[in-house]
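Undergrad: My questions will all concern the structure given below.
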Amino acid sequence: MAGRPHFQSTPWTNGIPQVSSHTQRQQPPALSLPISSARIHGPAMRQPREVASFSYDKFRNLHFDDSSLSYFYLLQDDVSASGGIDLSAGYNVFKKRDDTIDEHLDGMLLSLVSLEKNTGKKTTGDIITWRGIVTKLLCLPYSKNDGFELNAVWFDGQLFIEEDLPYKLATQRPSDQRSELMSYWGYKFEQIATIPKQWNECSRQEIESRGQKSVSNVAQYCSVVKTGLGDVRLVIAGEVDCVWDYKPDPKDNVDNDPKLFDNPLDHYVELKTNRVIQSDRDASTFENKLFKVWAQSFLLGVPKAIIGFRTEQGYLQTLEEFETQKIPGIVKKSKYSNPYTTWDGVDALAFLAACLQWLKTTIPRADENVVWKIRYLPRSDYLTASKTAQQSFLHPEFVKWRSEHRMK
């Protein structure tokens with residue numbers, strides 16, 4: 001059972017934090033959540049379970065299948081034999097997705113339409129959003145430097161949340177050539193570490209020539225997952241880098257026996273790159289980076305992450321595997337954790353539980369199709385909510401489907 005929301009100096013009243021008498025000098029904004037004290041301790045976590053998946057192809061066309069799913073295939077011997085793989089290769093012909101195009105929740109919502117047409121049932125859940133947004137909220141108590149804005153709207157009894165892209169584009173730091181190159185290294189690592197089919201279905205040429213092809217981040221594979229924290233049920237979608245061995249065929253799970261169920265999430269892998277650790281400061285910096293690795297993997301139910309360690313010049317040197325559930329313990333026991341590493345997974349989940357409960361209870365359900373703005377100002381201690389006059393961002397086809405098929 002989830003505990004009641006607890007605030008060190010701010011009691012919980014009707015889902016809205018109220019300031020205690022001794023803190024009246026610093027009155028918080030209306031409809032706000034205090035980040036430093038909002039906690040629900042010991043929230044129950046629902047085991048993530050995949051309910052759908054979808055793919056974007058190299059032209060950014062949407063498909064309700066696994067066509068863009070990749071398979072991990074990279075041996076440490078292959079990395080060592082080459083003396084290090086150049087992750088900068090092909091940078092000048094990188095095919096980058098246009099991230100100024102606002103796709104809202106489109107891919108996810110259309111995949112739910114496809115799912116519901118097949119099952120004849122409404123996808124249940126209190127909050128529907130991208131995994132990246134929940135990750136942002138989970139990490140917020142330990143990542144306060146960057147502000148953000150979210151848009152939220154109630155429809156058909158569910159709260160939909162997206163990131164406000166215009167705000168993100170207007171406030172993001174200008175990227176220089178070095179940061180663009182380092183970002184590319186991550187995509188290049190994904191390319192050389194994966195193959196498009198299981199290894200026994202790939203030709204030798206497909207495997208050996210993959211590093212010679214141009215890199216693109218246009219194609220994506222996403223998993224749609226039902227999970228939950230405390231009293232809030234979630235439906236989240238997030239990109240999956242690759243599968244470790246195979247993805248179970250849904251036909252093999254038709255009996256729905258929990259003991260026999262082969263969860264596709266158990267086979268997924270997160271891929272990341274990091275600079276080779278050469279000092280205590282490098283180690284503590286890496287452990288802080290592991291916070292986001294753990295958060296995004298944990299939320300979607302991805303059991304492992306593979307980190308490719310590279311040189312300062314971008315040459316891949318070694319591979320290391322991390323089990324998602326063990327990452328918090330690794331950091332907690334590390335000799336580098338103090339004074340630089342600050343995060344605590346248990347505390348972060350306690351905050352997320354309070355945050356999700358606040359979103360669910362603060363934004364009025366009666367305001368269906370009314371967009372609310374969720375704001376966080378850099379280095380502040382409050383998440384705020386306010387009503388807007390914006391138009392709903394939900395895809396028209398999803399709205400039409402749900403409106404014509406009001407399902408319980």
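Note on naming: chains are A, B, ... as they come in the structure tokens, residues start from 1 per chain, ligands start from 1 in the order shown.
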Please return as a PyMOL selection string: the residues of region 104-172 of chain A that backbone DSSP assigns to alpha helix (DSSP H).

TA: chain A and resi 106-119+131-139+165-171

Undergrad: Set the distance at 8 Å and use only C-alpha atoms: which residues neighbour region 138-145 of chain A once local chain neighbours fewer than 6 positions away are removed? I'd like the list as a short mmCIF file (atom, residue, chain, number, x, y, z; two decimals) with C-alpha atoms, in the first residue's frame.

TA:
```cif
data_model
loop_
_atom_site.label_atom_id
_atom_site.label_comp_id
_atom_site.auth_asym_id
_atom_site.auth_seq_id
_atom_site.Cartn_x
_atom_site.Cartn_y
_atom_site.Cartn_z
CA ILE A 35 9.75 19.80 -4.85
CA SER A 36 11.92 19.72 -1.74
CA PHE A 291 20.71 8.33 -12.53
CA LYS A 292 19.00 9.06 -15.84
CA ALA A 295 15.34 6.22 -14.33
CA THR A 342 23.82 13.16 -4.87
CA TRP A 343 20.89 11.10 -6.14
CA ALA A 348 13.15 10.15 -6.32
CA LEU A 349 10.33 7.59 -6.55
CA PHE A 351 8.69 12.45 -5.10
CA LEU A 352 7.38 11.05 -8.40
CA PRO A 378 15.15 26.78 -13.32
CA ARG A 379 16.47 26.35 -9.77
CA SER A 380 13.05 26.96 -8.20
#
```

Undergrad: Quick one: distance from CA of Asp344 (chain A) to CA of Cys242 (chain A) in Å, one decimal?

TA: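 Atom-to-atom, CA of Asp344 (chain A) to CA of Cys242 (chain A), that is 27.4 Å.
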
Undergrad: Taking only C-alpha atoms into account, which of A:Ser67, A:Gln357, A:Arg310, A:Arg406 comes nearest Pro43 (chain A)?

TA: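 Of A:Ser67, A:Gln357, A:Arg310, A:Arg406, the one nearest Pro43 (chain A), counting only C-alpha atoms, is A:Gln357.
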
Undergrad: At a cut-off of 12 Å, can you tabulate as CSV every residue of region 55-111 of chain A near region 186-200 of chain A together with its closest atom pair and the distance in Å to one decimal, using only C-alpha atoms and ordering rows by chain then number?

TA:
```
residue,atom,partner,partner_atom,distance
A:Asp66,CA,A:Pro196,CA,10.6
A:Ser67,CA,A:Pro196,CA,8.7
A:Ser68,CA,A:Pro196,CA,7.6
A:Leu69,CA,A:Pro196,CA,6.9
A:Ser70,CA,A:Pro196,CA,4.8
A:Tyr71,CA,A:Thr194,CA,5.1
A:Phe72,CA,A:Thr194,CA,4.4
A:Tyr73,CA,A:Thr194,CA,5.1
A:Leu74,CA,A:Ala193,CA,5.0
A:Leu75,CA,A:Ala193,CA,8.5
A:Gln76,CA,A:Ala193,CA,10.5
A:Asp78,CA,A:Ala193,CA,10.4
A:Val79,CA,A:Ile192,CA,10.2
A:Gly84,CA,A:Phe189,CA,11.9
A:Ile85,CA,A:Ile192,CA,9.0
A:Asp86,CA,A:Lys188,CA,9.0
A:Leu87,CA,A:Lys188,CA,5.7
A:Ser88,CA,A:Lys188,CA,7.5
A:Ala89,CA,A:Lys188,CA,8.0
A:Gly90,CA,A:Lys188,CA,8.5
A:Tyr91,CA,A:Lys188,CA,8.6
A:Val93,CA,A:Lys188,CA,11.7
A:Phe94,CA,A:Lys188,CA,9.4
A:Lys95,CA,A:Tyr187,CA,10.5
A:Lys96,CA,A:Tyr187,CA,9.9
A:Arg97,CA,A:Tyr187,CA,11.8
```

Undergrad: Can you write out the residues you just picked, keeping C-alpha atoms, as a PDB file, in the first residue's frame?

TA:
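The resulting file, result13.pdb, is shown below:
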```pdb
ATOM      1  CA  ASP A  66       8.287  -4.103 -34.814  1.00  0.00           C
ATOM      2  CA  SER A  67       9.884  -3.291 -38.182  1.00  0.00           C
ATOM      3  CA  SER A  68      12.381  -0.815 -36.676  1.00  0.00           C
ATOM      4  CA  LEU A  69      13.408  -3.052 -33.786  1.00  0.00           C
ATOM      5  CA  SER A  70      17.160  -3.765 -33.678  1.00  0.00           C
ATOM      6  CA  TYR A  71      19.114  -6.632 -32.120  1.00  0.00           C
ATOM      7  CA  PHE A  72      22.249  -6.244 -30.037  1.00  0.00           C
ATOM      8  CA  TYR A  73      25.349  -7.754 -31.600  1.00  0.00           C
ATOM      9  CA  LEU A  74      28.759  -6.419 -30.568  1.00  0.00           C
ATOM     10  CA  LEU A  75      31.562  -8.347 -28.907  1.00  0.00           C
ATOM     11  CA  GLN A  76      34.295  -6.876 -26.759  1.00  0.00           C
ATOM     12  CA  ASP A  78      35.566  -6.909 -31.969  1.00  0.00           C
ATOM     13  CA  VAL A  79      36.170  -3.613 -30.185  1.00  0.00           C
ATOM     14  CA  GLY A  84      39.032   1.132 -30.693  1.00  0.00           C
ATOM     15  CA  ILE A  85      36.161   1.931 -33.056  1.00  0.00           C
ATOM     16  CA  ASP A  86      35.982   5.491 -34.401  1.00  0.00           C
ATOM     17  CA  LEU A  87      32.572   6.822 -33.387  1.00  0.00           C
ATOM     18  CA  SER A  88      33.093   9.973 -35.466  1.00  0.00           C
ATOM     19  CA  ALA A  89      33.107   8.046 -38.758  1.00  0.00           C
ATOM     20  CA  GLY A  90      30.337   9.220 -41.062  1.00  0.00           C
ATOM     21  CA  TYR A  91      29.515  12.339 -39.055  1.00  0.00           C
ATOM     22  CA  VAL A  93      26.643  12.482 -43.697  1.00  0.00           C
ATOM     23  CA  PHE A  94      24.547  12.079 -40.538  1.00  0.00           C
ATOM     24  CA  LYS A  95      20.803  12.048 -41.320  1.00  0.00           C
ATOM     25  CA  LYS A  96      19.317  13.855 -38.351  1.00  0.00           C
ATOM     26  CA  ARG A  97      15.632  13.966 -37.564  1.00  0.00           C
TER      27      ARG A  97
END
```

Undergrad: Using only C-alpha atoms for the distances, tell me which of A:Gly230, A:Thr384, A:Val235, A:Phe155 is nearest to Arg39 (chain A).

TA: A:Gly230

Undergrad: Counting only C-alpha atoms, which residue out of A:Gln220, A:Ser183, A:Ile374, A:Thr135 sits closest to Val293 (chain A)?

TA: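 Ranking A:Gln220, A:Ser183, A:Ile374, A:Thr135 by distance to Val293 (chain A), first place goes to A:Thr135.
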
Undergrad: Looking only at strand (DSSP E or B) from DSSP on the backbone, list the matching residues of region 209-382 of chain A as JSON, numbers by chain.

TA: {"A": [216, 220, 221, 222, 223, 224, 225, 226, 227, 228, 229, 232, 233, 234, 235, 236, 237, 238, 239, 242, 243, 268, 269, 270, 271, 272, 273, 274, 275, 304, 305, 306, 307, 308, 309, 310, 315, 316, 317, 318, 319, 320, 321, 322, 323, 368, 371, 372, 373, 374, 375, 376, 382]}

Undergrad: Calculated over only C-alpha atoms, which of the candidates A:Tyr184, A:Phe398, A:Phe393, A:Tyr382 has the smallest distance to Pro34 (chain A)?

TA: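 For Pro34 (chain A), the nearest of the given residues is A:Tyr382.
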
Undergrad: If I take CA of Gly125 (chain A) and CA of Lys226 (chain A), how far is one from the other in Å, to one decimal?

TA: 7.6 Å

Undergrad: Under the rule that only C-alpha atoms are counted, which of A:Val113, A:Asp106, A:Ala38, A:Ser32 is the nearest residue to Arg402 (chain A)?

TA: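 Using only C-alpha atoms, the shortest distance to Arg402 (chain A) belongs to A:Val113.
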
Undergrad: Give me, please, the distance in Å between CA of Glu323 (chain A) and CA of Ile128 (chain A), quoted to one decimal.

TA: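 Separating CA of Glu323 (chain A) from CA of Ile128 (chain A) is a distance of 26.8 Å.
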
Undergrad: So, counting only C-alpha atoms, which residue among A:Arg46, A:Val218, A:Thr124, A:Trp130 is closest to Leu62 (chain A)?

TA: A:Val218

Undergrad: Any idea what's packed within 10 Å of region 54-57 of chain A, counting only C-alpha atoms, ignoring anything in its chain fewer than 4 positions away? Could you give it as a list in words?

TA: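 Counting only the stated atoms, we get Asn61, Leu62, His63, Phe64, Asp65, Asp66, Ser67, Ser68, Leu69, Gly107, Met108, Leu110, Ser111, Leu112, Asn217, Val218, Ala219, Gln220, Tyr221, Cys222, Ser223, Val224, Ala237 and Glu239 of chain A.
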
Undergrad: Sorted by chain and rising residue number, list the residues of region 231-279 of chain A at most 12 Å from region 360-365 of chain A (counting only C-alpha atoms), each with its closest atom pair and distance in Å to one decimal, as a tab-separated table.

TA:
```
residue	atom	partner	partner_atom	distance
A:Asp231	CA	A:Lys360	CA	9.7
A:Val232	CA	A:Lys360	CA	7.7
A:Arg233	CA	A:Lys360	CA	10.0
A:Leu234	CA	A:Lys360	CA	10.9
```

Undergrad: Restricting the output to N, CA and C atoms, write the selected residues as a PDB file, in the first residue's frame.

TA:
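To be explicit, this is the file written out as result-v4.pdb:
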```
ATOM      1  N   ASP A 231      -1.139   5.335  -6.262  1.00  0.00           N
ATOM      2  CA  ASP A 231      -2.529   5.225  -6.701  1.00  0.00           C
ATOM      3  C   ASP A 231      -2.737   5.676  -8.136  1.00  0.00           C
ATOM      4  N   VAL A 232      -1.667   5.948  -8.857  1.00  0.00           N
ATOM      5  CA  VAL A 232      -1.777   6.459 -10.221  1.00  0.00           C
ATOM      6  C   VAL A 232      -1.350   5.389 -11.227  1.00  0.00           C
ATOM      7  N   ARG A 233      -2.251   5.070 -12.140  1.00  0.00           N
ATOM      8  CA  ARG A 233      -1.958   4.111 -13.203  1.00  0.00           C
ATOM      9  C   ARG A 233      -1.428   4.873 -14.414  1.00  0.00           C
ATOM     10  N   LEU A 234      -0.382   4.356 -14.990  1.00  0.00           N
ATOM     11  CA  LEU A 234       0.286   5.034 -16.099  1.00  0.00           C
ATOM     12  C   LEU A 234       0.238   4.207 -17.377  1.00  0.00           C
TER      13      LEU A 234
END
```

Undergrad: Can you list, as a VMD selection string, every protein, DNA or RNA residue that comes within 8 Å of Ile161 (chain A) when you count only C-alpha atoms, leaving out same-chain residues fewer than 2 positions away?

TA: chain A and resid 127 to 130 150 to 153 159 163
